[in-house]
>>> print(open('structure_33.cif').read())   # mmCIF, C-alpha atoms
data_work
loop_
_atom_site.label_atom_id
_atom_site.label_comp_id
_atom_site.auth_asym_id
_atom_site.auth_seq_id
_atom_site.Cartn_x
_atom_site.Cartn_y
_atom_site.Cartn_z
CA MET A 300 0.00 0.00 0.00
CA LYS A 301 1.32 3.43 -0.94
CA GLY A 302 1.92 6.00 1.74
CA LEU A 303 2.58 3.50 4.53
CA ILE A 304 5.76 3.90 6.54
CA VAL A 305 7.22 1.14 8.68
CA LEU A 306 7.53 2.47 12.21
CA GLY A 307 9.87 -0.23 13.41
CA LYS A 308 9.88 -3.68 14.87
CA SER A 309 8.55 -4.92 18.21
CA LYS A 310 9.53 -8.00 20.14
CA ILE A 311 7.04 -10.63 21.25
CA GLU A 312 7.63 -11.68 24.85
CA ILE A 313 8.81 -15.26 24.24
CA SER A 314 11.39 -16.57 21.79
CA SER A 315 10.56 -17.85 18.32
CA LYS A 316 11.50 -21.41 19.34
CA GLY A 317 9.44 -21.05 22.51
CA ILE A 318 6.42 -20.03 20.46
CA GLU A 319 6.84 -23.04 18.14
CA LYS A 320 7.07 -25.34 21.16
CA THR A 321 3.98 -23.80 22.77
CA LEU A 322 1.99 -24.19 19.55
CA ARG A 323 3.16 -27.72 18.74
CA LYS A 324 -0.32 -29.19 19.34
CA PHE A 325 -1.80 -27.17 16.46
CA ASP A 326 -1.80 -28.77 13.02
CA TYR A 327 -2.26 -26.74 9.85
CA LEU A 328 -6.04 -27.23 9.81
CA GLN A 329 -6.37 -26.02 13.40
CA ALA A 330 -4.08 -23.12 12.55
CA ILE A 331 -6.32 -22.00 9.69
CA SER A 332 -9.35 -22.21 12.00
CA GLU A 333 -7.59 -19.91 14.50
CA TYR A 334 -7.62 -17.05 12.00
CA ILE A 335 -11.29 -17.62 11.27
CA TRP A 336 -11.96 -17.52 15.03
CA ASN A 337 -9.97 -14.28 15.25
CA GLY A 338 -12.46 -12.76 12.82
CA PHE A 339 -15.45 -13.84 14.88
CA ASP A 340 -13.70 -12.64 18.04
CA ALA A 341 -13.61 -9.22 16.35
CA GLN A 342 -17.40 -9.40 15.94
CA ALA A 343 -17.29 -10.33 12.27
CA THR A 344 -20.37 -11.90 10.72
CA VAL A 345 -18.58 -13.14 7.58
CA VAL A 346 -15.14 -14.72 7.25
CA ASP A 347 -13.93 -15.64 3.77
CA VAL A 348 -11.06 -18.07 3.10
CA LYS A 349 -9.54 -17.94 -0.39
CA LEU A 350 -7.04 -20.50 -1.65
CA HIS A 351 -4.88 -19.11 -4.48
CA LYS A 352 -3.43 -21.77 -6.80
CA ASN A 353 -0.27 -21.62 -8.86
CA VAL A 354 0.12 -22.83 -12.46
CA LEU A 355 0.76 -26.38 -11.24
CA GLY A 356 -2.48 -26.49 -9.27
CA GLY A 357 -0.83 -26.23 -5.87
CA ILE A 358 -1.83 -23.63 -3.30
CA ASP A 359 0.81 -20.92 -2.91
CA GLN A 360 -1.17 -18.27 -1.05
CA ILE A 361 -4.09 -18.21 1.41
CA VAL A 362 -6.11 -15.08 2.16
CA ILE A 363 -8.56 -14.86 5.08
CA SER A 364 -10.78 -11.77 5.24
CA ASP A 365 -13.35 -10.71 7.83
CA ASN A 366 -15.73 -7.79 8.35
CA GLY A 367 -14.96 -7.40 12.04
CA TYR A 368 -13.90 -4.24 13.84
CA GLY A 369 -10.22 -4.57 12.90
CA ILE A 370 -7.16 -4.20 15.12
CA ASP A 371 -6.85 -0.79 16.78
CA ARG A 372 -3.28 0.47 16.29
CA ARG A 373 -3.18 1.48 19.96
CA GLU A 374 -4.02 -2.14 20.92
CA LEU A 375 -1.36 -3.68 18.68
CA ASP A 376 1.21 -4.42 21.36
CA ARG A 377 -1.38 -6.14 23.52
CA LYS A 378 -2.87 -8.07 20.61
CA PHE A 379 0.42 -9.26 19.14
CA THR A 380 2.39 -9.73 22.33
CA PRO A 381 1.06 -13.03 23.65
CA PHE A 382 0.84 -13.57 27.37
CA PHE A 383 -0.16 -16.83 28.98
CA GLU A 384 0.37 -18.59 32.28
CA SER A 385 0.52 -22.15 31.00
CA GLU A 386 0.40 -24.20 27.82
CA LYS A 387 -3.11 -25.26 28.80
CA GLN A 388 -4.31 -21.79 27.83
CA VAL A 389 -3.26 -22.32 24.21
CA ASP A 390 -3.99 -26.05 23.98
CA PRO A 391 -6.86 -26.36 21.47
CA GLU A 392 -8.17 -29.35 23.43
CA LYS A 393 -8.40 -27.62 26.83
CA ARG A 394 -9.35 -23.98 26.44
CA ALA A 395 -12.57 -23.52 28.39
CA ARG A 396 -15.11 -20.81 27.68
CA THR A 397 -18.47 -20.09 29.30
CA THR A 398 -19.63 -18.48 26.05
CA SER A 399 -18.48 -18.99 22.47
CA ALA A 400 -17.25 -15.40 22.15
CA MET A 401 -13.56 -14.51 22.53
CA HIS A 402 -12.23 -17.85 21.35
CA GLY A 403 -8.62 -16.77 21.79
CA LYS A 404 -7.59 -14.09 24.27
CA ASN A 405 -3.83 -14.40 24.54
CA GLY A 406 -2.76 -13.38 21.02
CA ILE A 407 -0.60 -16.41 20.37
CA GLY A 408 -3.12 -17.95 17.94
CA ARG A 409 -2.04 -15.36 15.38
CA LEU A 410 1.37 -17.06 15.22
CA THR A 411 0.13 -20.52 14.25
CA PHE A 412 0.74 -19.78 10.57
CA HIS A 413 4.29 -21.14 10.88
CA HIS A 414 2.73 -24.61 10.50
CA PHE A 415 1.82 -23.95 6.89
CA ALA A 416 3.36 -20.71 5.55
CA SER A 417 6.64 -18.77 5.54
CA ASP A 418 5.17 -15.41 6.53
CA ALA A 419 1.94 -13.56 7.19
CA THR A 420 0.72 -10.04 6.44
CA TRP A 421 -2.26 -8.39 8.12
CA GLU A 422 -4.00 -5.44 6.48
CA THR A 423 -6.49 -4.10 9.00
CA THR A 424 -8.93 -1.20 9.10
CA TYR A 425 -10.60 0.11 12.24
CA VAL A 426 -12.82 3.02 13.24
CA ASP A 427 -11.49 5.72 15.55
CA GLY A 428 -14.26 8.21 16.26
CA LEU A 429 -15.29 9.64 12.90
CA LEU A 430 -12.13 8.41 11.16
CA LYS A 431 -11.19 5.10 9.57
CA ASN A 432 -7.55 4.07 9.83
CA THR A 433 -5.67 1.32 8.06
CA TYR A 434 -2.17 -0.15 8.47
CA ILE A 435 -0.15 -3.34 7.87
CA ILE A 436 1.50 -5.89 10.18
CA ARG A 437 4.09 -8.47 9.06
CA ILE A 438 5.59 -11.54 10.76
CA HIS A 439 8.03 -14.10 9.32
CA SER A 440 7.97 -17.74 10.46
CA LYS A 441 11.73 -17.65 11.11
CA ASN A 442 11.25 -14.80 13.60
CA LEU A 443 7.94 -15.41 15.33
CA ASP A 444 9.06 -13.28 18.27
CA THR A 445 9.26 -10.16 16.09
CA TYR A 446 6.63 -8.22 14.16
CA GLU A 447 6.76 -5.01 12.21
CA ALA A 448 3.93 -2.55 11.64
CA THR A 449 3.38 0.49 9.46
CA ASN A 450 1.86 3.77 10.52
CA ASN A 451 -1.84 4.57 10.12
CA ILE A 452 -3.27 6.21 7.03
CA LEU A 453 -6.85 7.40 6.56
CA THR A 454 -9.15 5.31 4.38
CA ASP A 455 -12.75 5.06 3.20
CA GLU A 456 -12.73 1.25 3.40
CA ASP A 457 -15.04 -0.62 5.78
CA SER A 458 -13.55 -2.00 8.97
CA GLY A 459 -12.16 -5.51 8.92
CA THR A 460 -8.95 -7.51 8.61
CA THR A 461 -7.37 -9.41 5.74
CA VAL A 462 -4.48 -11.71 6.56
CA THR A 463 -2.42 -13.14 3.70
CA PHE A 464 -0.16 -16.17 4.09
CA HIS A 465 2.67 -16.45 1.59
CA ASN A 466 4.80 -19.37 0.35
CA ILE A 467 2.55 -22.19 1.54
CA ILE A 468 4.66 -25.11 2.74
CA LYS A 469 1.82 -27.62 3.28
CA ASP A 470 -0.11 -29.59 0.68
CA PHE A 471 -3.68 -28.47 1.29
CA VAL A 472 -6.34 -31.04 0.42
CA TYR A 473 -9.52 -29.09 -0.26
CA GLU A 474 -11.82 -31.88 0.97
CA ASP A 475 -9.88 -32.24 4.23
CA LEU A 476 -10.11 -28.51 4.89
CA LEU A 477 -13.82 -28.47 4.06
CA THR A 478 -14.55 -31.38 6.40
CA PHE A 479 -12.50 -29.86 9.21
CA LEU A 480 -14.22 -26.47 8.92
CA CYS A 481 -17.66 -28.12 9.03
CA LYS A 482 -16.76 -29.92 12.26
CA GLU A 483 -15.05 -26.82 13.68
CA PHE A 484 -17.69 -24.20 12.90
CA GLY A 485 -20.98 -26.03 12.26
CA TRP A 486 -22.15 -25.73 15.88
CA PHE A 487 -21.09 -22.05 16.00
CA LEU A 488 -22.84 -21.14 12.74
CA GLU A 489 -25.95 -22.96 13.98
CA LEU A 490 -25.74 -20.95 17.21
CA HIS A 491 -25.76 -17.73 15.18
CA SER A 492 -27.95 -18.91 12.32
CA GLU A 493 -30.53 -16.17 12.89
CA LYS A 494 -27.76 -13.57 12.69
CA HIS A 495 -26.67 -15.05 9.34
CA PHE A 496 -23.07 -15.66 10.33
CA ASP A 497 -21.09 -17.14 7.46
CA VAL A 498 -17.81 -18.92 6.78
CA ARG A 499 -16.95 -18.94 3.09
CA LEU A 500 -14.44 -21.09 1.29
CA ASP A 501 -13.45 -19.54 -2.04
CA GLY A 502 -16.59 -17.42 -1.88
CA VAL A 503 -18.97 -20.33 -1.25
CA SER A 504 -20.83 -20.47 2.07
CA LEU A 505 -19.82 -23.42 4.23
CA ASP A 506 -22.51 -26.10 3.91
CA TYR A 507 -22.20 -27.95 7.20
CA SER A 508 -25.40 -29.96 6.70
CA CYS A 509 -23.13 -32.93 5.99
CA VAL A 510 -22.32 -33.15 9.72
CA ILE A 511 -25.95 -32.84 10.89
CA ALA A 512 -27.60 -36.20 11.58
CA GLU A 513 -30.84 -34.84 13.05
CA LYS A 514 -32.43 -31.49 13.85
CA GLU A 515 -35.62 -30.62 15.73
CA SER A 516 -37.20 -27.39 17.02
CA PHE A 517 -39.93 -27.05 19.63
CA LYS A 518 -41.17 -24.86 22.49
CA ILE A 519 -41.21 -25.42 26.27
CA VAL A 520 -43.41 -23.31 28.56
CA HIS A 521 -43.05 -23.02 32.32
CA GLU A 522 -46.71 -22.49 33.19
CA PRO A 523 -46.37 -20.91 36.68
CA THR A 524 -44.26 -18.04 35.30
CA GLN A 525 -45.44 -18.27 31.68
CA THR A 526 -41.80 -18.31 30.62
CA GLU A 527 -41.31 -19.58 27.08
CA PHE A 528 -38.19 -21.33 25.79
CA GLN A 529 -37.56 -21.87 22.09
CA ILE A 530 -35.50 -25.05 21.70
CA LYS A 531 -33.39 -26.21 18.79
CA TYR A 532 -31.80 -29.63 19.08
CA VAL A 533 -29.06 -30.84 16.72
CA ARG A 534 -27.43 -34.27 16.69
CA TRP A 535 -24.12 -34.37 14.85
CA ASN A 536 -22.97 -37.43 12.94
CA ASP A 537 -19.37 -36.85 14.01
CA ARG A 538 -17.53 -35.27 16.88
CA ILE A 539 -17.50 -31.47 16.75
CA ASN A 540 -13.96 -30.24 17.25
CA HIS A 541 -13.08 -29.45 20.88
CA GLU A 542 -16.61 -28.31 21.72
CA TYR A 543 -18.37 -31.49 22.88
CA SER A 544 -22.10 -31.56 23.63
CA LYS A 545 -23.40 -28.32 25.11
CA LEU A 546 -26.47 -26.34 26.10
CA TYR A 547 -26.42 -22.77 24.75
CA PHE A 548 -28.55 -20.09 26.43
CA ILE A 549 -29.59 -17.19 24.19
CA ASP A 550 -31.52 -14.04 25.10
CA SER A 551 -34.25 -12.24 23.14
CA ASN A 552 -31.61 -10.17 21.30
CA LEU A 553 -29.99 -13.39 20.00
CA ALA A 554 -26.98 -12.86 22.25
CA GLU A 555 -25.39 -15.95 23.77
CA LYS A 556 -25.37 -15.52 27.55
CA HIS A 557 -23.92 -18.82 28.74
CA LYS A 558 -23.14 -22.40 27.77
CA GLN A 559 -22.55 -25.60 29.71
CA PRO A 560 -22.12 -29.33 28.97
CA THR A 561 -25.26 -31.45 28.73
CA THR A 562 -25.69 -34.29 31.22
CA PHE A 563 -25.13 -36.72 28.30
CA ASN A 564 -21.83 -35.19 27.27
CA ASN A 565 -18.80 -37.41 26.63
CA LYS A 566 -20.40 -40.74 27.58
CA GLY A 567 -18.30 -42.75 25.14
CA ASP A 568 -21.26 -43.47 22.88
CA SER A 569 -20.53 -40.97 20.05
CA PHE A 570 -23.88 -39.29 20.74
CA TYR A 571 -22.78 -35.78 19.79
CA HIS A 572 -25.42 -33.10 20.19
CA SER A 573 -26.07 -29.40 20.78
CA VAL A 574 -29.14 -27.74 22.29
CA TYR A 575 -29.81 -24.05 21.63
CA ILE A 576 -32.27 -22.42 24.07
CA GLN A 577 -33.64 -18.94 23.45
CA SER A 578 -35.78 -17.04 25.93
CA GLN A 579 -36.61 -13.53 27.03
CA GLY A 580 -36.02 -14.88 30.52
CA PHE A 581 -32.28 -14.87 29.84
CA ASP A 582 -32.22 -11.10 29.19
CA HIS A 583 -31.46 -10.35 32.86
CA PHE A 584 -30.36 -13.75 34.08
CA ASP A 585 -27.46 -14.39 36.45
CA PHE A 586 -25.70 -17.57 35.34
CA ASP A 587 -22.89 -17.14 37.85
CA SER A 588 -24.97 -16.98 41.02
CA GLU A 589 -26.75 -19.85 42.76
CA ASP A 590 -28.82 -17.49 44.91
CA ASN A 591 -32.33 -16.10 44.60
CA GLY A 592 -34.07 -19.43 44.27
CA GLY A 593 -37.79 -19.21 44.78
CA GLN A 594 -38.59 -15.69 45.91
CA LEU A 595 -38.22 -14.12 42.47
CA GLU A 596 -40.19 -16.67 40.49
CA LEU A 597 -42.57 -14.12 38.97
CA SER A 598 -39.63 -12.53 37.15
CA PHE A 599 -38.12 -15.90 36.18
CA GLY A 600 -35.96 -16.15 39.25
CA ALA A 601 -32.88 -14.47 37.72
CA SER A 602 -30.63 -17.35 38.81
CA ARG A 603 -29.87 -20.99 38.09
CA ARG A 604 -31.78 -22.13 41.21
CA SER A 605 -35.05 -20.65 40.03
CA GLU A 606 -37.98 -23.00 39.54
CA ALA A 607 -38.29 -22.08 35.87
CA PHE A 608 -34.64 -22.83 35.14
CA GLN A 609 -34.70 -26.15 36.99
CA PHE A 610 -37.87 -27.06 35.10
CA LEU A 611 -36.12 -26.23 31.84
CA LEU A 612 -33.13 -28.45 32.63
CA GLU A 613 -35.38 -31.37 33.61
CA GLU A 614 -37.38 -31.06 30.37
CA ILE A 615 -34.22 -30.86 28.27
CA ASN A 616 -32.65 -33.87 30.02
CA THR A 617 -35.81 -35.91 29.46
CA PHE A 618 -35.88 -34.94 25.80
CA ILE A 619 -32.21 -35.81 25.20
CA LYS A 620 -32.62 -39.11 27.05
CA GLN A 621 -35.50 -40.04 24.74
CA LYS A 622 -33.42 -39.09 21.71
CA ARG A 623 -30.46 -41.09 22.98
CA LYS A 624 -32.38 -44.32 23.66
CA PRO A 625 -32.95 -45.43 20.03
CA TYR A 626 -29.47 -44.20 19.18
CA LEU A 627 -28.01 -46.52 21.83
CA GLY A 628 -29.99 -49.38 20.32
CA LEU A 629 -28.37 -48.74 16.95
CA LEU A 630 -25.00 -48.40 18.66
CA ALA A 631 -25.48 -51.78 20.37
CA ASP A 632 -26.29 -53.38 17.01
CA HIS A 633 -23.11 -51.86 15.60
CA VAL A 634 -21.04 -53.23 18.50
CA ILE A 635 -22.44 -56.74 17.92
CA GLU A 636 -21.63 -56.53 14.21
CA ASP A 637 -18.16 -55.16 14.96
CA PHE A 638 -17.42 -57.95 17.45
CA ALA A 639 -18.55 -60.54 14.90
CA GLU A 640 -16.39 -59.07 12.12
CA SER A 641 -13.41 -58.96 14.51
CA LYS A 642 -13.98 -62.63 15.39
CA ALA A 643 -14.13 -61.60 19.06
CA PHE A 644 -16.88 -64.05 20.04
CA PRO A 645 -16.13 -67.54 21.35
CA THR A 646 -16.60 -70.36 18.86
CA PHE A 647 -20.16 -71.70 18.90
CA LYS A 648 -21.33 -74.89 17.24
CA ASP A 649 -24.41 -74.88 15.04
CA VAL A 650 -26.56 -76.69 17.56
CA PRO A 651 -29.62 -75.41 19.48
CA GLU A 652 -27.81 -75.17 22.82
CA ASP A 653 -24.91 -73.13 21.40
CA ASN A 654 -27.28 -70.97 19.37
CA THR A 655 -29.12 -70.10 22.59
CA ARG A 656 -25.86 -69.29 24.37
CA LYS A 657 -24.78 -67.07 21.47
CA GLU A 658 -28.09 -65.19 21.54
CA GLU A 659 -27.79 -64.73 25.30
CA LEU A 660 -24.23 -63.41 24.93
CA GLU A 661 -25.31 -60.91 22.28
CA SER A 662 -28.27 -59.89 24.44
CA VAL A 663 -26.03 -59.24 27.47
CA ILE A 664 -23.54 -57.24 25.36
CA ARG A 665 -26.40 -55.24 23.88
CA GLU A 666 -27.80 -54.49 27.34
CA MET A 667 -24.38 -53.53 28.74
CA CYS A 668 -23.71 -51.34 25.72
CA GLN A 669 -26.91 -49.39 26.35
CA LEU A 670 -26.21 -49.06 30.07
CA GLU A 671 -22.53 -48.16 29.80
CA PRO A 672 -21.37 -47.66 26.18
CA ARG A 673 -18.00 -46.35 27.37
CA VAL A 674 -16.98 -49.98 28.11
CA PHE A 675 -17.03 -50.74 24.38
CA ALA A 676 -15.48 -47.51 23.10
CA ARG A 677 -12.22 -47.64 21.16
CA LEU A 678 -11.39 -51.29 21.84
CA ASN A 679 -8.70 -52.93 19.74
CA PRO A 680 -9.30 -56.49 18.39
CA LYS A 681 -7.58 -58.20 21.34
CA GLN A 682 -9.57 -56.15 23.85
CA LYS A 683 -12.84 -56.96 22.06
CA LYS A 684 -12.02 -60.66 22.26
CA LEU A 685 -11.12 -60.38 25.94
CA VAL A 686 -14.35 -58.53 26.81
CA ALA A 687 -16.53 -60.97 24.85
CA HIS A 688 -14.90 -64.02 26.46
CA LEU A 689 -15.11 -62.53 29.97
CA ILE A 690 -18.82 -61.82 29.52
CA HIS A 691 -19.35 -65.33 28.17
CA LEU A 692 -17.45 -66.74 31.16
CA ALA A 693 -19.53 -64.63 33.55
CA MET A 694 -22.75 -65.93 32.04
CA GLY A 695 -21.83 -69.47 32.97
CA SER A 696 -20.66 -68.59 36.48
CA ASN A 697 -22.53 -68.95 39.75
CA ASP A 698 -21.49 -65.33 40.42
CA ARG A 699 -22.81 -64.20 37.06
CA GLN A 700 -24.50 -61.05 38.34
CA ARG A 701 -21.46 -59.93 40.32
CA LEU A 702 -19.14 -60.53 37.38
CA LEU A 703 -21.42 -58.64 35.01
CA GLU A 704 -21.57 -55.75 37.47
CA ALA A 705 -17.78 -55.74 37.68
CA LEU A 706 -17.49 -55.75 33.87
#
>>> encode(input="structure_33.cif", output="structure tokens")
Amino acid sequence: MKGLIVLGKSKIEISSKGIEKTLRKFDYLQAISEYIWNGFDAQATVVDVKLHKNVLGGIDQIVISDNGYGIDRRELDRKFTPFFESEKQVDPEKRARTTSAMHGKNGIGRLTFHHFASDATWETTYVDGLLKNTYIIRIHSKNLDTYEATNNILTDEDSGTTVTFHNIIKDFVYEDLLTFLCKEFGWFLELHSEKHFDVRLDGVSLDYSCVIAEKESFKIVHEPTQTEFQIKYVRWNDRINHEYSKLYFIDSNLAEKHKQPTTFNNKGDSFYHSVYIQSQGFDHFDFDSEDNGGQLELSFGASRRSEAFQFLLEEINTFIKQKRKPYLGLLADHVIEDFAESKAFPTFKDVPEDNTRKEELESVIREMCQLEPRVFARLNPKQKKLVAHLIHLAMGSNDRQRLLEAL
């Protein structure tokens, strides 16, 4: 850009090698998603990822643009000087949030590009009073602890940030990126579907319907307070990246106020789901306090201990349990088929007595699978054989019930 003057270089607080070590758990797909999250953190509604190909068909440049509020030049040092107390804060598996806003707060996510590119350039525009300012930031992968920035110039462009990654060093498989983005952002786009949030890949809106197994909307009413809750339930056909199964609480202005795991989260049964709950009752609701239970019922209690809120949770749990029951039946059938294909079952002769024993064994495995599916999750062939033989042994034991309980 003409007219921009480099003001000098600034040091990031940890060394380049230290940054690489801290970010070692990010792969190139997670790194790309970090820049999309940065856009949404800046209150963007649209983030566009463009993959520029060279004459050989390979990707040599990636450009990610958003329509967020940009990066205020006065905030640059804070934004690009990462600070964190432990690696847990930047581990994509462990970062906890009570809402889906502000995905990354410590700035280090902006340095993940070293997994797939040689350098990155940010061109960002922000509003300062009645003026719009724009400037450029550059970082090279060989010197992640150093960035350089130009001075501001006035512009008529809308606010937002475009980050360009040069000299791509990873072979990007379009289908892999598409699948990853669906699993990474499907739940988030569904959360903000009424706000028309959008992730675009080469200008095409991300169609994450491929990861939706089931969707249902309905209304719950707490009669004593006449509080209405609009419910949207989604079951995903695959794990959603790092988010797990959650309840999302949304107010009448479509703002997310809180989220928490469902009671059927992470049970080892691959029953991945999200429940979005919108209500005017969340407009002035205190999700942090456990007080005020009972005496403020006419105004929806204002806390988690209120009768209306407890009623809501009970209704949601009942609904999810009903949805999970047939799913567990299908899961049990799959486990039986998988055990058979893995030759995990004991050898049975084709005689009535053995046929009965085989049916009983399958019945017990099916029942155990529905009661505690975690037992059968991620077993290797030897473990499947061991479990099947132990159950078969327990069935013929005088202490059958105790052995089955132990299993």
>>> resolve_selection(input="structure_33.cif", expression="the PyMOL selection byres ((chain A and resi 461-467) around 10)", output="PyMOL selection string")
chain A and resi 334+338+346-350+357-366+369+409+412-424+435-439+459-460+468-471
>>> residues_near_point(input="structure_33.cif", point="(-6.2, 3.0, 9.2)", cutoff="6 Å", atoms="all atoms listed in the file", output="list in words")
Thr424, Lys431, Asn432, Thr433, Tyr434, Asn451, Ile452 and Leu453 of chain A
>>> write_last_selection(input="structure_33.cif", atoms="C-alpha atoms", output="mmCIF file, in the frame of the given file")
data_model
loop_
_atom_site.group_PDB
_atom_site.id
_atom_site.type_symbol
_atom_site.label_atom_id
_atom_site.label_comp_id
_atom_site.auth_asym_id
_atom_site.auth_seq_id
_atom_site.Cartn_x
_atom_site.Cartn_y
_atom_site.Cartn_z
ATOM 1 C CA THR A 424 -8.930 -1.200 9.100
ATOM 2 C CA LYS A 431 -11.190 5.100 9.570
ATOM 3 C CA ASN A 432 -7.550 4.070 9.830
ATOM 4 C CA THR A 433 -5.670 1.320 8.060
ATOM 5 C CA TYR A 434 -2.170 -0.150 8.470
ATOM 6 C CA ASN A 451 -1.840 4.570 10.120
ATOM 7 C CA ILE A 452 -3.270 6.210 7.030
ATOM 8 C CA LEU A 453 -6.850 7.400 6.560
#
>>> resolve_selection(input="structure_33.cif", expression="the PyMOL selection byres ((chain A and resi 671-685) around 12)", output="PDB file with C-alpha atoms, keeping the file's coordinate frame")
ATOM      1  CA  PHE A 563     -25.130 -36.720  28.300  1.00  0.00           C
ATOM      2  CA  ASN A 564     -21.830 -35.190  27.270  1.00  0.00           C
ATOM      3  CA  ASN A 565     -18.800 -37.410  26.630  1.00  0.00           C
ATOM      4  CA  LYS A 566     -20.400 -40.740  27.580  1.00  0.00           C
ATOM      5  CA  GLY A 567     -18.300 -42.750  25.140  1.00  0.00           C
ATOM      6  CA  ASP A 568     -21.260 -43.470  22.880  1.00  0.00           C
ATOM      7  CA  SER A 569     -20.530 -40.970  20.050  1.00  0.00           C
ATOM      8  CA  PHE A 570     -23.880 -39.290  20.740  1.00  0.00           C
ATOM      9  CA  ARG A 623     -30.460 -41.090  22.980  1.00  0.00           C
ATOM     10  CA  LYS A 624     -32.380 -44.320  23.660  1.00  0.00           C
ATOM     11  CA  TYR A 626     -29.470 -44.200  19.180  1.00  0.00           C
ATOM     12  CA  LEU A 627     -28.010 -46.520  21.830  1.00  0.00           C
ATOM     13  CA  GLY A 628     -29.990 -49.380  20.320  1.00  0.00           C
ATOM     14  CA  LEU A 629     -28.370 -48.740  16.950  1.00  0.00           C
ATOM     15  CA  LEU A 630     -25.000 -48.400  18.660  1.00  0.00           C
ATOM     16  CA  ALA A 631     -25.480 -51.780  20.370  1.00  0.00           C
ATOM     17  CA  ASP A 632     -26.290 -53.380  17.010  1.00  0.00           C
ATOM     18  CA  HIS A 633     -23.110 -51.860  15.600  1.00  0.00           C
ATOM     19  CA  VAL A 634     -21.040 -53.230  18.500  1.00  0.00           C
ATOM     20  CA  ILE A 635     -22.440 -56.740  17.920  1.00  0.00           C
ATOM     21  CA  GLU A 636     -21.630 -56.530  14.210  1.00  0.00           C
ATOM     22  CA  ASP A 637     -18.160 -55.160  14.960  1.00  0.00           C
ATOM     23  CA  PHE A 638     -17.420 -57.950  17.450  1.00  0.00           C
ATOM     24  CA  ALA A 639     -18.550 -60.540  14.900  1.00  0.00           C
ATOM     25  CA  GLU A 640     -16.390 -59.070  12.120  1.00  0.00           C
ATOM     26  CA  SER A 641     -13.410 -58.960  14.510  1.00  0.00           C
ATOM     27  CA  LYS A 642     -13.980 -62.630  15.390  1.00  0.00           C
ATOM     28  CA  ALA A 643     -14.130 -61.600  19.060  1.00  0.00           C
ATOM     29  CA  PHE A 644     -16.880 -64.050  20.040  1.00  0.00           C
ATOM     30  CA  PRO A 645     -16.130 -67.540  21.350  1.00  0.00           C
ATOM     31  CA  THR A 646     -16.600 -70.360  18.860  1.00  0.00           C
ATOM     32  CA  VAL A 663     -26.030 -59.240  27.470  1.00  0.00           C
ATOM     33  CA  ILE A 664     -23.540 -57.240  25.360  1.00  0.00           C
ATOM     34  CA  ARG A 665     -26.400 -55.240  23.880  1.00  0.00           C
ATOM     35  CA  GLU A 666     -27.800 -54.490  27.340  1.00  0.00           C
ATOM     36  CA  MET A 667     -24.380 -53.530  28.740  1.00  0.00           C
ATOM     37  CA  CYS A 668     -23.710 -51.340  25.720  1.00  0.00           C
ATOM     38  CA  GLN A 669     -26.910 -49.390  26.350  1.00  0.00           C
ATOM     39  CA  LEU A 670     -26.210 -49.060  30.070  1.00  0.00           C
ATOM     40  CA  VAL A 686     -14.350 -58.530  26.810  1.00  0.00           C
ATOM     41  CA  ALA A 687     -16.530 -60.970  24.850  1.00  0.00           C
ATOM     42  CA  HIS A 688     -14.900 -64.020  26.460  1.00  0.00           C
ATOM     43  CA  LEU A 689     -15.110 -62.530  29.970  1.00  0.00           C
ATOM     44  CA  ILE A 690     -18.820 -61.820  29.520  1.00  0.00           C
ATOM     45  CA  HIS A 691     -19.350 -65.330  28.170  1.00  0.00           C
ATOM     46  CA  LEU A 692     -17.450 -66.740  31.160  1.00  0.00           C
ATOM     47  CA  LEU A 703     -21.420 -58.640  35.010  1.00  0.00           C
ATOM     48  CA  GLU A 704     -21.570 -55.750  37.470  1.00  0.00           C
ATOM     49  CA  ALA A 705     -17.780 -55.740  37.680  1.00  0.00           C
ATOM     50  CA  LEU A 706     -17.490 -55.750  33.870  1.00  0.00           C
TER      51      LEU A 706
END
>>> closest_residue(input="structure_33.cif", among="A:Asn616, A:Ser573, A:Ser551, A:Asn353", to="Arg534 of chain A", atoms="all atoms listed in the file")
A:Ser573
>>> closest_residue(input="structure_33.cif", among="A:Thr411, A:Ser504, A:Gln579, A:Thr617", to="Thr526 of chain A", atoms="all atoms listed in the file")
A:Gln579
>>> resolve_selection(input="structure_33.cif", expression="the PyMOL selection byres ((chain A and resi 586) around 7)", output="ChimeraX atom specification")
/A:557,584-585,587-588,602-603
>>> build_atoms(input="structure_33.cif", residues="segment 686-691 of chain A", atoms="N, CA and C atoms", output="PDB file, keeping the file's coordinate frame")
ATOM      1  N   VAL A 686     -13.073 -58.929  26.221  1.00  0.00           N
ATOM      2  CA  VAL A 686     -14.350 -58.530  26.810  1.00  0.00           C
ATOM      3  C   VAL A 686     -15.426 -59.561  26.501  1.00  0.00           C
ATOM      4  N   ALA A 687     -15.506 -60.000  25.243  1.00  0.00           N
ATOM      5  CA  ALA A 687     -16.530 -60.970  24.850  1.00  0.00           C
ATOM      6  C   ALA A 687     -16.368 -62.283  25.610  1.00  0.00           C
ATOM      7  N   HIS A 688     -15.133 -62.749  25.758  1.00  0.00           N
ATOM      8  CA  HIS A 688     -14.900 -64.020  26.460  1.00  0.00           C
ATOM      9  C   HIS A 688     -15.165 -63.885  27.963  1.00  0.00           C
ATOM     10  N   LEU A 689     -14.841 -62.739  28.549  1.00  0.00           N
ATOM     11  CA  LEU A 689     -15.110 -62.530  29.970  1.00  0.00           C
ATOM     12  C   LEU A 689     -16.619 -62.522  30.235  1.00  0.00           C
ATOM     13  N   ILE A 690     -17.361 -61.853  29.360  1.00  0.00           N
ATOM     14  CA  ILE A 690     -18.820 -61.820  29.520  1.00  0.00           C
ATOM     15  C   ILE A 690     -19.395 -63.222  29.372  1.00  0.00           C
ATOM     16  N   HIS A 691     -18.876 -63.954  28.382  1.00  0.00           N
ATOM     17  CA  HIS A 691     -19.350 -65.330  28.170  1.00  0.00           C
ATOM     18  C   HIS A 691     -19.038 -66.196  29.386  1.00  0.00           C
TER      19      HIS A 691
END
